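A.B. asks: Provided herewith: query30.cif, mmCIF, C-alpha atoms.
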data_query
loop_
_atom_site.label_atom_id
_atom_site.label_comp_id
_atom_site.auth_asym_id
_atom_site.auth_seq_id
_atom_site.Cartn_x
_atom_site.Cartn_y
_atom_site.Cartn_z
CA MET A 1 -18.98 59.00 -179.38
CA ALA A 2 -16.44 61.30 -181.04
CA MET A 3 -16.29 61.50 -184.79
CA ILE A 4 -13.65 59.24 -186.34
CA PRO A 5 -11.05 61.31 -188.23
CA ARG A 6 -11.11 61.06 -192.03
CA ARG A 7 -7.52 59.80 -191.91
CA THR A 8 -8.63 56.89 -189.71
CA LEU A 9 -11.45 55.98 -192.09
CA LEU A 10 -9.08 56.01 -195.03
CA ALA A 11 -6.65 53.77 -193.19
CA SER A 12 -9.45 51.34 -192.42
CA SER A 13 -10.58 51.15 -196.02
CA MET A 14 -7.00 50.55 -197.16
CA VAL A 15 -6.86 47.48 -194.94
CA THR A 16 -9.82 45.99 -196.78
CA ALA A 17 -8.19 46.54 -200.14
CA LEU A 18 -4.81 45.14 -199.14
CA TRP A 19 -5.91 42.00 -197.31
CA PRO A 20 -7.87 39.58 -199.49
CA LEU A 21 -8.08 36.28 -197.65
CA ALA A 22 -8.21 32.72 -198.91
CA ILE A 23 -10.79 31.38 -196.49
CA ASN A 24 -12.63 28.07 -196.64
CA ALA A 25 -16.27 28.10 -197.65
CA SER A 26 -18.71 27.58 -194.78
CA THR A 27 -22.21 26.15 -194.77
CA ASN A 28 -23.13 28.62 -192.02
CA THR A 29 -24.65 31.89 -193.27
CA LYS A 30 -25.38 33.61 -189.95
CA SER A 31 -22.97 36.27 -188.68
CA LEU A 32 -21.08 35.43 -185.50
CA LYS A 33 -20.30 38.26 -183.08
CA ILE A 34 -17.70 37.99 -180.32
CA GLY A 35 -17.13 40.90 -177.94
CA LEU A 36 -13.43 41.56 -177.30
CA ILE A 37 -11.79 43.52 -174.51
CA SER A 38 -8.14 43.58 -173.50
CA ASP A 39 -5.77 44.93 -170.86
CA ILE A 40 -8.29 46.40 -168.44
CA HIS A 41 -5.70 46.20 -165.64
CA LYS A 42 -7.97 46.15 -162.62
CA ASP A 43 -4.97 46.61 -160.32
CA ILE A 44 -3.62 49.71 -162.09
CA ILE A 45 -6.49 51.79 -163.46
CA HIS A 46 -8.79 53.57 -161.01
CA ASP A 47 -12.13 52.86 -162.72
CA ALA A 48 -11.65 49.30 -164.00
CA ASP A 49 -15.02 48.14 -162.61
CA ASP A 50 -16.88 50.85 -164.52
CA ARG A 51 -15.02 50.05 -167.72
CA LEU A 52 -15.78 46.35 -167.49
CA MET A 53 -19.42 47.05 -166.62
CA ALA A 54 -19.76 49.26 -169.71
CA PHE A 55 -18.41 46.43 -171.85
CA ILE A 56 -20.74 43.81 -170.36
CA ASN A 57 -23.80 46.07 -170.62
CA GLU A 58 -23.03 46.86 -174.26
CA MET A 59 -22.44 43.23 -175.18
CA GLN A 60 -25.67 42.18 -173.48
CA SER A 61 -27.57 44.95 -175.26
CA LEU A 62 -26.15 43.98 -178.65
CA ARG A 63 -26.76 40.28 -177.92
CA VAL A 64 -23.36 39.15 -179.09
CA ASP A 65 -22.77 35.40 -179.25
CA ALA A 66 -19.80 35.30 -176.83
CA ILE A 67 -17.20 37.47 -175.11
CA LEU A 68 -13.45 37.05 -174.71
CA GLN A 69 -10.92 39.05 -172.72
CA LEU A 70 -7.35 39.07 -174.04
CA GLY A 71 -5.42 39.18 -170.78
CA ASP A 72 -4.07 41.56 -168.11
CA PHE A 73 -7.49 41.33 -166.53
CA CYS A 74 -6.78 41.25 -162.79
CA ILE A 75 -4.56 39.70 -160.14
CA PRO A 76 -6.29 36.49 -158.98
CA LYS A 77 -6.83 37.59 -155.39
CA ALA A 78 -9.93 37.50 -153.22
CA ALA A 79 -10.35 41.29 -153.29
CA ASN A 80 -10.89 41.17 -157.07
CA LYS A 81 -13.76 38.66 -156.98
CA PRO A 82 -16.43 41.38 -157.43
CA PHE A 83 -14.59 42.46 -160.59
CA LEU A 84 -14.65 38.93 -161.97
CA GLU A 85 -18.33 38.69 -161.10
CA ILE A 86 -19.03 41.63 -163.42
CA PHE A 87 -17.51 39.67 -166.30
CA ASN A 88 -19.51 36.59 -165.34
CA ARG A 89 -22.80 38.52 -165.61
CA PHE A 90 -22.71 38.00 -169.35
CA ASP A 91 -25.24 35.26 -170.04
CA GLY A 92 -23.48 33.61 -172.99
CA PRO A 93 -20.17 31.81 -173.52
CA LYS A 94 -17.25 33.58 -171.80
CA TYR A 95 -13.57 33.04 -172.54
CA HIS A 96 -10.28 34.15 -171.00
CA CYS A 97 -6.71 34.52 -172.24
CA ILE A 98 -3.90 34.72 -169.66
CA GLY A 99 -1.81 37.91 -169.70
CA ASN A 100 1.61 38.41 -168.15
CA HIS A 101 0.18 40.62 -165.37
CA ASP A 102 -2.47 38.06 -164.42
CA THR A 103 0.12 36.30 -162.27
CA ASP A 104 1.41 39.39 -160.45
CA GLY A 105 1.58 39.28 -156.67
CA GLY A 106 3.28 35.89 -156.53
CA PHE A 107 0.40 33.94 -158.11
CA SER A 108 0.99 31.08 -160.55
CA ARG A 109 -0.71 30.41 -163.87
CA GLU A 110 -2.47 27.50 -162.19
CA ASP A 111 -3.87 29.95 -159.64
CA THR A 112 -5.10 32.18 -162.46
CA VAL A 113 -6.69 29.29 -164.39
CA LYS A 114 -8.60 28.19 -161.29
CA TYR A 115 -9.58 31.75 -160.34
CA LEU A 116 -10.99 32.57 -163.78
CA GLY A 117 -12.72 29.21 -164.13
CA MET A 118 -10.72 28.19 -167.19
CA HIS A 119 -10.40 24.51 -168.10
CA SER A 120 -6.83 24.99 -169.32
CA ARG A 121 -4.33 27.79 -169.83
CA TYR A 122 -4.45 27.18 -173.61
CA TYR A 123 -7.38 25.62 -175.43
CA SER A 124 -9.66 25.71 -178.47
CA PHE A 125 -13.39 25.73 -179.11
CA ASP A 126 -15.89 25.75 -181.96
CA LEU A 127 -18.63 28.35 -182.17
CA GLY A 128 -21.06 29.28 -184.93
CA GLY A 129 -19.31 27.20 -187.57
CA PHE A 130 -15.82 28.56 -186.82
CA HIS A 131 -12.81 27.36 -184.83
CA PHE A 132 -11.02 29.45 -182.20
CA ILE A 133 -7.67 28.89 -180.49
CA VAL A 134 -6.50 30.65 -177.31
CA LEU A 135 -2.75 30.47 -176.64
CA ASP A 136 -0.72 31.06 -173.48
CA ALA A 137 2.53 32.85 -174.33
CA ASN A 138 3.74 32.99 -170.73
CA ASP A 139 5.90 29.86 -170.88
CA LYS A 140 9.49 30.21 -169.67
CA PRO A 141 12.07 29.83 -172.44
CA PRO A 142 15.21 27.75 -171.92
CA GLY A 143 17.71 29.69 -169.80
CA HIS A 144 15.11 32.19 -168.60
CA LYS A 145 16.85 34.66 -166.28
CA GLY A 146 13.96 36.76 -165.01
CA GLY A 147 11.26 39.21 -166.00
CA TYR A 148 7.97 38.37 -167.66
CA PRO A 149 8.45 35.38 -169.98
CA LYS A 150 7.11 35.65 -173.52
CA TYR A 151 7.45 32.23 -175.06
CA ILE A 152 5.37 29.31 -176.35
CA ALA A 153 6.96 26.05 -175.24
CA ASP A 154 7.41 23.01 -177.46
CA ASP A 155 4.54 21.06 -175.92
CA GLN A 156 2.12 23.90 -176.67
CA LEU A 157 3.45 24.31 -180.21
CA LYS A 158 2.94 20.58 -180.78
CA TRP A 159 -0.60 20.92 -179.44
CA LEU A 160 -1.24 23.92 -181.74
CA GLU A 161 -0.09 21.99 -184.78
CA GLY A 162 -2.28 19.03 -183.86
CA ASP A 163 -5.31 21.17 -183.11
CA LEU A 164 -5.05 22.94 -186.46
CA SER A 165 -4.66 19.63 -188.27
CA ARG A 166 -7.87 18.28 -186.73
CA THR A 167 -10.19 21.14 -187.70
CA SER A 168 -11.65 21.86 -191.12
CA LEU A 169 -13.18 25.17 -189.99
CA ASN A 170 -11.96 28.71 -190.58
CA THR A 171 -9.84 29.52 -187.53
CA PHE A 172 -9.08 32.61 -185.45
CA ILE A 173 -6.17 32.60 -182.99
CA PHE A 174 -5.99 34.71 -179.83
CA SER A 175 -2.96 35.40 -177.64
CA HIS A 176 -2.12 38.08 -175.10
CA GLN A 177 1.37 38.80 -176.39
CA SER A 178 1.87 39.51 -180.07
CA LEU A 179 2.87 36.99 -182.71
CA GLU A 180 3.79 39.98 -184.92
CA ARG A 181 5.86 42.53 -182.95
CA PRO A 182 9.65 41.89 -183.10
CA ASP A 183 10.16 42.47 -179.36
CA CYS A 184 7.48 40.10 -178.16
CA ILE A 185 7.03 36.31 -178.20
CA ILE A 186 10.60 35.06 -178.51
CA ASN A 187 9.80 32.10 -180.75
CA GLN A 188 6.99 33.73 -182.70
CA VAL A 189 8.54 32.55 -185.98
CA ASP A 190 8.04 28.94 -184.90
CA ALA A 191 4.39 29.60 -184.06
CA ARG A 192 3.81 31.51 -187.29
CA SER A 193 5.35 28.68 -189.30
CA ILE A 194 2.73 26.29 -187.89
CA ILE A 195 -0.04 28.81 -188.51
CA GLN A 196 1.04 29.48 -192.10
CA SER A 197 1.40 25.76 -192.85
CA ALA A 198 -2.14 24.90 -191.72
CA LYS A 199 -3.95 24.21 -195.00
CA THR A 200 -7.04 22.35 -196.12
CA GLU A 201 -6.85 19.47 -198.60
CA ASN A 202 -7.50 21.88 -201.46
CA GLY A 203 -4.68 24.17 -200.34
CA GLN A 204 -6.64 26.96 -198.66
CA ARG A 205 -5.18 28.26 -195.43
CA LYS A 206 -7.16 27.59 -192.29
CA VAL A 207 -6.18 30.59 -190.15
CA ALA A 208 -8.16 33.72 -190.97
CA ALA A 209 -6.47 36.05 -188.45
CA CYS A 210 -4.47 36.27 -185.23
CA LEU A 211 -5.52 38.80 -182.58
CA ASN A 212 -3.69 39.98 -179.45
CA GLY A 213 -3.55 42.58 -176.71
CA HIS A 214 -0.55 43.47 -174.50
CA TRP A 215 0.94 46.39 -176.41
CA HIS A 216 -1.83 48.94 -175.71
CA ILE A 217 -1.69 50.12 -179.32
CA ASP A 218 -3.96 50.13 -182.36
CA HIS A 219 -2.11 48.32 -185.12
CA ALA A 220 -2.47 45.62 -187.75
CA ARG A 221 -0.38 44.15 -190.54
CA LYS A 222 -0.22 40.96 -192.55
CA ILE A 223 2.54 38.36 -192.65
CA GLU A 224 2.29 35.74 -195.39
CA ASP A 225 -1.25 36.99 -196.10
CA ILE A 226 -2.42 36.39 -192.52
CA PRO A 227 -3.62 39.50 -190.61
CA TYR A 228 -2.16 40.12 -187.15
CA ILE A 229 -4.39 42.56 -185.28
CA HIS A 230 -3.70 44.36 -182.01
CA ILE A 231 -6.72 45.07 -179.81
CA ASN A 232 -6.02 48.25 -177.87
CA SER A 233 -6.18 48.39 -174.08
CA ALA A 234 -9.56 49.12 -172.55
CA SER A 235 -7.92 51.61 -170.20
CA TYR A 236 -4.68 53.39 -171.08
CA ILE A 237 -1.21 53.47 -172.60
CA TRP A 238 1.69 52.82 -170.21
CA LEU A 239 4.50 55.36 -169.97
CA ASN A 240 7.75 53.42 -170.08
CA ASP A 241 9.84 56.60 -169.82
CA PRO A 242 9.91 57.98 -166.24
CA LYS A 243 10.94 61.40 -167.57
CA VAL A 244 7.49 62.00 -169.05
CA ARG A 245 5.60 60.95 -165.94
CA GLY A 246 4.45 63.88 -163.90
CA PRO A 247 1.50 65.85 -162.51
CA ARG A 248 -0.64 65.48 -165.64
CA LEU A 249 -3.80 64.33 -163.83
CA SER A 250 -5.69 65.70 -160.85
CA PRO A 251 -3.74 65.63 -157.54
CA GLU A 252 -6.63 63.76 -155.88
CA LEU A 253 -6.59 61.00 -158.50
CA SER A 254 -2.80 60.71 -158.34
CA ARG A 255 -2.90 60.52 -154.55
CA ARG A 256 -5.59 57.84 -154.37
CA PHE A 257 -4.27 55.77 -157.30
CA PRO A 258 -0.48 56.29 -157.63
CA THR A 259 -0.15 53.77 -160.47
CA VAL A 260 -2.36 55.92 -162.72
CA ALA A 261 0.45 58.52 -162.85
CA SER A 262 2.41 56.05 -164.99
CA THR A 263 -0.37 55.95 -167.60
CA ILE A 264 -2.28 58.12 -170.01
CA PRO A 265 -5.84 56.86 -169.48
CA TYR A 266 -8.58 56.89 -172.08
CA THR A 267 -11.66 58.94 -171.22
CA ARG A 268 -13.93 55.97 -171.89
CA PRO A 269 -13.40 52.21 -172.11
CA LEU A 270 -12.28 50.75 -175.42
CA PHE A 271 -13.64 47.43 -176.62
CA THR A 272 -14.80 45.97 -179.91
CA ILE A 273 -16.69 43.21 -181.67
CA LEU A 274 -15.17 40.65 -184.00
CA GLU A 275 -17.97 39.98 -186.48
CA ILE A 276 -17.59 37.09 -188.88
CA ASP A 277 -20.02 37.23 -191.80
CA PRO A 278 -20.05 34.05 -193.94
CA ALA A 279 -22.78 35.37 -196.25
CA ASN A 280 -20.61 38.30 -197.34
CA GLN A 281 -17.36 36.38 -196.96
CA SER A 282 -15.83 38.90 -194.58
CA PHE A 283 -14.93 39.60 -190.99
CA SER A 284 -14.57 42.93 -189.28
CA ILE A 285 -13.44 44.79 -186.17
CA ARG A 286 -15.78 47.55 -184.98
CA SER A 287 -14.42 50.99 -184.14
CA SER A 288 -14.28 52.34 -180.59
CA GLN A 289 -13.22 55.92 -179.92
CA ALA A 290 -12.15 57.85 -176.81
CA GLU A 291 -9.95 60.83 -175.97
CA TRP A 292 -6.85 61.18 -173.81
CA LEU A 293 -7.48 61.89 -170.13
CA GLY A 294 -4.99 64.70 -169.68
CA PRO A 295 -2.23 65.59 -172.16
CA GLY A 296 -1.66 62.94 -174.82
CA PRO A 297 1.65 61.33 -175.90
CA GLU A 298 2.52 64.01 -178.43
CA ALA A 299 1.88 66.82 -175.94
CA ILE A 300 4.33 65.35 -173.41
CA GLY A 301 6.90 64.17 -175.96
CA TYR A 302 6.36 60.46 -175.43
CA ASN A 303 7.59 58.40 -178.38
CA PRO A 304 8.49 54.83 -177.36
CA ALA A 305 10.97 52.92 -179.50
CA GLY A 306 9.46 50.62 -182.11
CA VAL A 307 6.02 52.24 -181.96
CA ASP A 308 4.88 54.62 -184.70
CA ARG A 309 2.96 57.69 -183.60
CA GLU A 310 -0.26 56.55 -185.31
CA MET A 311 -0.29 53.39 -183.14
CA LEU A 312 -0.61 55.53 -180.00
CA PHE A 313 -4.27 56.16 -180.62
CA PRO A 314 -7.09 56.46 -178.02
CA GLY A 315 -9.31 54.11 -179.93
CA ILE A 316 -9.76 50.94 -181.94
CA ARG A 317 -9.96 51.55 -185.69
CA ALA A 318 -12.60 49.82 -187.80
CA ARG A 319 -11.16 47.10 -190.01
CA LYS A 320 -12.89 44.90 -192.55
CA MET A 321 -11.29 42.02 -194.40
CA LYS A 322 -12.81 40.23 -197.36
CA PHE A 323 -12.50 36.51 -197.95
CA SER A 324 -11.02 35.98 -201.42
#
Once more with this new file: its structure as structure tokens, please.

C.D. replies:
Amino acid sequence: MAMIPRRTLLASSMVTALWPLAINASTNTKSLKIGLISDIHKDIIHDADDRLMAFINEMQSLRVDAILQLGDFCIPKAANKPFLEIFNRFDGPKYHCIGNHDTDGGFSREDTVKYLGMHSRYYSFDLGGFHFIVLDANDKPPGHKGGYPKYIADDQLKWLEGDLSRTSLNTFIFSHQSLERPDCIINQVDARSIIQSAKTENGQRKVAACLNGHWHIDHARKIEDIPYIHINSASYIWLNDPKVRGPRLSPELSRRFPTVASTIPYTRPLFTILEIDPANQSFSIRSSQAEWLGPGPEAIGYNPAGVDREMLFPGIRARKMKFS
């Protein structure tokens, strides 16, 4: 693995200093490890099977307690069954979050739920003395006129509020789309209001962090003392600007997989582990480092609106947050 730049390490340590968390005490003292992977995009990237296999092999080797994929996994069609079977080789608890591209090809969310073996498109579970919530931000907002919806409907918000009220455990929330980026979930303020209001009887907040995929960036910030953390894509960044798409990769690869020409792939798959450590009153995200396959964003002049240059990073930075 490539060395992590000193600037990256400094940024990671700053996160620890800036984000003290008011987290409930837990009687559990054993660390909980959940493997996270996001935005593999089986139907876009040429080597999705290899990337997913690397993730599963690593998680099995490290004996993590569970795995969760944060969406944009694959189109729920018969041809992708072998890909899903790779994910299902993990011999512990396995969880899915629905991404906007998981219903491409005319499939419905109900099709995706059945295909992935999910019990519901949004749900919660307890594991290792902690509570976890998985949201579906693909609801259609009132007056939806087309395109991928990015909304959490009233019935799901009501469920979220009730679910948080019923748990006394420290809680982590997962969604595919971001609850933090301005141009993302339309009613994110409504969801964040529920999240910020969830408190224990002694006034401590219940939600430790919210994690998402979707943006293919490495980024984190806090809102009202709650960290919102982006898990980078396992595969690539997408080039929204057609002007910067071109013959950057090998002609053979571009011919066999035309969609790859609209991406800058990572040389190796990116994934991480969310480790929650009650004994040390902290939780962390492990680093994962790759390189650009072909010229990177700066070399081709790609600078998408609303995304700082440091977010376009072929890796996942290490982050550690202390409970206050």

A.B. asks: Mind pulling up the distance from atom CA of A:Ala79 to atom CA of A:Leu253?

C.D. replies: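 If I compute the distance from atom CA of A:Leu253 to atom CA of A:Ala79, I get 20.7 Å.
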
A.B. asks: Evaluate the PyMOL selection byres ((chain A and resi 122) around 7) on the structure here and hand back the selected residues as a PDB file with C-alpha atoms, keeping the file's coordinate frame.

C.D. replies:
ATOM      1  CA  SER A 120      -6.830  24.990-169.320  1.00  0.00           C
ATOM      2  CA  ARG A 121      -4.330  27.790-169.830  1.00  0.00           C
ATOM      3  CA  TYR A 123      -7.380  25.620-175.430  1.00  0.00           C
ATOM      4  CA  VAL A 134      -6.500  30.650-177.310  1.00  0.00           C
ATOM      5  CA  LEU A 135      -2.750  30.470-176.640  1.00  0.00           C
ATOM      6  CA  ASP A 136      -0.720  31.060-173.480  1.00  0.00           C
TER       7      ASP A 136
END

A.B. asks: So how far away is atom CA of A:Lys145 from atom CA of A:Asp111, in Å?

C.D. replies: 22.3 Å

A.B. asks: Pick out the closest residue to A:Pro76 from this set: A:Met311, A:Leu116, A:Leu179, A:Ile152. Count only C-alpha atoms.

C.D. replies: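 Looking only at the distances to A:Pro76, the closest residue turns out to be A:Leu116.
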
A.B. asks: What does the structure give for the distance between atom CA of A:Ser124 and atom CA of A:Leu160, in Å to one decimal?

C.D. replies: 9.2 Å

A.B. asks: Any chance you could work out the residue set of the PyMOL selection byres ((chain A and resi 270) around 10) here, as a VMD selection string?

C.D. replies: chain A and resid 36 to 40 51 to 52 54 to 55 231 to 236 266 to 269 271 to 272 287 to 290 314 to 316

A.B. asks: Need the shell around A:Ile75: protein/DNA/RNA residues with any atom at most 9 Å away, counting all atoms listed in the file. Skip same-chain ones fewer than 2 positions apart. Format as a PyMOL selection string?

C.D. replies: chain A and resi 41-43+72-73+77+80+101-105+107+112

A.B. asks: Stretch 48-59 of chain A from the block above, all heavy atoms, as an mmCIF file, in the first residue's frame, please?

C.D. replies:
data_model
loop_
_atom_site.group_PDB
_atom_site.id
_atom_site.type_symbol
_atom_site.label_atom_id
_atom_site.label_comp_id
_atom_site.auth_asym_id
_atom_site.auth_seq_id
_atom_site.Cartn_x
_atom_site.Cartn_y
_atom_site.Cartn_z
ATOM 1 N N ALA A 48 -15.265 -4.932 -11.386
ATOM 2 C CA ALA A 48 -16.050 -4.880 -10.151
ATOM 3 C C ALA A 48 -15.966 -6.172 -9.361
ATOM 4 O O ALA A 48 -15.884 -6.157 -8.119
ATOM 5 C CB ALA A 48 -17.506 -4.550 -10.473
ATOM 6 N N ASP A 49 -15.977 -7.326 -10.041
ATOM 7 C CA ASP A 49 -15.920 -8.612 -9.339
ATOM 8 C C ASP A 49 -14.633 -8.742 -8.538
ATOM 9 O O ASP A 49 -14.655 -9.197 -7.379
ATOM 10 C CB ASP A 49 -16.042 -9.764 -10.329
ATOM 11 C CG ASP A 49 -17.426 -9.861 -10.948
ATOM 12 O OD1 ASP A 49 -17.955 -8.824 -11.413
ATOM 13 O OD2 ASP A 49 -17.989 -10.963 -10.982
ATOM 14 N N ASP A 50 -13.522 -8.346 -9.137
ATOM 15 C CA ASP A 50 -12.234 -8.422 -8.440
ATOM 16 C C ASP A 50 -12.202 -7.488 -7.238
ATOM 17 O O ASP A 50 -11.642 -7.834 -6.183
ATOM 18 C CB ASP A 50 -11.094 -8.074 -9.398
ATOM 19 C CG ASP A 50 -10.919 -9.099 -10.505
ATOM 20 O OD1 ASP A 50 -11.345 -10.256 -10.319
ATOM 21 O OD2 ASP A 50 -10.372 -8.749 -11.563
ATOM 22 N N ARG A 51 -12.781 -6.309 -7.388
ATOM 23 C CA ARG A 51 -12.791 -5.346 -6.288
ATOM 24 C C ARG A 51 -13.628 -5.867 -5.118
ATOM 25 O O ARG A 51 -13.221 -5.767 -3.953
ATOM 26 C CB ARG A 51 -13.320 -3.990 -6.777
ATOM 27 C CG ARG A 51 -12.362 -3.289 -7.729
ATOM 28 C CD ARG A 51 -12.944 -2.020 -8.337
ATOM 29 N NE ARG A 51 -12.041 -1.483 -9.346
ATOM 30 C CZ ARG A 51 -11.106 -0.551 -9.132
ATOM 31 N NH1 ARG A 51 -10.995 -0.011 -7.927
ATOM 32 N NH2 ARG A 51 -10.308 -0.143 -10.101
ATOM 33 N N LEU A 52 -14.792 -6.422 -5.429
ATOM 34 C CA LEU A 52 -15.633 -6.954 -4.369
ATOM 35 C C LEU A 52 -14.980 -8.166 -3.708
ATOM 36 O O LEU A 52 -15.037 -8.321 -2.484
ATOM 37 C CB LEU A 52 -17.007 -7.328 -4.924
ATOM 38 C CG LEU A 52 -18.028 -7.855 -3.909
ATOM 39 C CD1 LEU A 52 -18.274 -6.842 -2.795
ATOM 40 C CD2 LEU A 52 -19.338 -8.216 -4.604
ATOM 41 N N MET A 53 -14.334 -9.014 -4.515
ATOM 42 C CA MET A 53 -13.658 -10.185 -3.962
ATOM 43 C C MET A 53 -12.543 -9.770 -3.008
ATOM 44 O O MET A 53 -12.353 -10.384 -1.938
ATOM 45 C CB MET A 53 -13.084 -11.051 -5.079
ATOM 46 C CG MET A 53 -12.403 -12.318 -4.596
ATOM 47 S SD MET A 53 -13.557 -13.531 -3.908
ATOM 48 C CE MET A 53 -14.242 -14.181 -5.431
ATOM 49 N N ALA A 54 -11.798 -8.724 -3.368
ATOM 50 C CA ALA A 54 -10.728 -8.240 -2.487
ATOM 51 C C ALA A 54 -11.297 -7.775 -1.153
ATOM 52 O O ALA A 54 -10.712 -8.025 -0.082
ATOM 53 C CB ALA A 54 -9.967 -7.111 -3.173
ATOM 54 N N PHE A 55 -12.425 -7.101 -1.198
ATOM 55 C CA PHE A 55 -13.081 -6.644 0.029
ATOM 56 C C PHE A 55 -13.508 -7.825 0.896
ATOM 57 O O PHE A 55 -13.200 -7.863 2.102
ATOM 58 C CB PHE A 55 -14.297 -5.785 -0.337
ATOM 59 C CG PHE A 55 -15.199 -5.450 0.822
ATOM 60 C CD1 PHE A 55 -14.775 -4.607 1.838
ATOM 61 C CD2 PHE A 55 -16.485 -5.973 0.887
ATOM 62 C CE1 PHE A 55 -15.610 -4.295 2.911
ATOM 63 C CE2 PHE A 55 -17.333 -5.668 1.945
ATOM 64 C CZ PHE A 55 -16.896 -4.825 2.952
ATOM 65 N N ILE A 56 -14.183 -8.792 0.288
ATOM 66 C CA ILE A 56 -14.672 -9.941 1.058
ATOM 67 C C ILE A 56 -13.509 -10.734 1.644
ATOM 68 O O ILE A 56 -13.533 -11.118 2.827
ATOM 69 C CB ILE A 56 -15.551 -10.844 0.180
ATOM 70 C CG1 ILE A 56 -16.823 -10.099 -0.249
ATOM 71 C CG2 ILE A 56 -15.914 -12.126 0.911
ATOM 72 C CD1 ILE A 56 -17.692 -9.633 0.901
ATOM 73 N N ASN A 57 -12.473 -10.968 0.863
ATOM 74 C CA ASN A 57 -11.315 -11.721 1.362
ATOM 75 C C ASN A 57 -10.661 -11.011 2.542
ATOM 76 O O ASN A 57 -10.270 -11.650 3.537
ATOM 77 C CB ASN A 57 -10.294 -11.928 0.247
ATOM 78 C CG ASN A 57 -10.756 -12.945 -0.784
ATOM 79 O OD1 ASN A 57 -11.672 -13.727 -0.540
ATOM 80 N ND2 ASN A 57 -10.122 -12.941 -1.949
ATOM 81 N N GLU A 58 -10.538 -9.681 2.433
ATOM 82 C CA GLU A 58 -9.912 -8.919 3.516
ATOM 83 C C GLU A 58 -10.772 -8.942 4.775
ATOM 84 O O GLU A 58 -10.261 -9.090 5.890
ATOM 85 C CB GLU A 58 -9.685 -7.474 3.053
ATOM 86 C CG GLU A 58 -8.985 -6.583 4.061
ATOM 87 C CD GLU A 58 -7.491 -6.821 4.144
ATOM 88 O OE1 GLU A 58 -6.979 -7.703 3.427
ATOM 89 O OE2 GLU A 58 -6.830 -6.124 4.936
ATOM 90 N N MET A 59 -12.071 -8.793 4.602
ATOM 91 C CA MET A 59 -12.958 -8.792 5.772
ATOM 92 C C MET A 59 -12.991 -10.161 6.448
ATOM 93 O O MET A 59 -13.049 -10.264 7.679
ATOM 94 C CB MET A 59 -14.372 -8.354 5.372
ATOM 95 C CG MET A 59 -14.472 -6.918 4.859
ATOM 96 S SD MET A 59 -13.810 -5.652 5.995
ATOM 97 C CE MET A 59 -12.257 -5.233 5.186
#
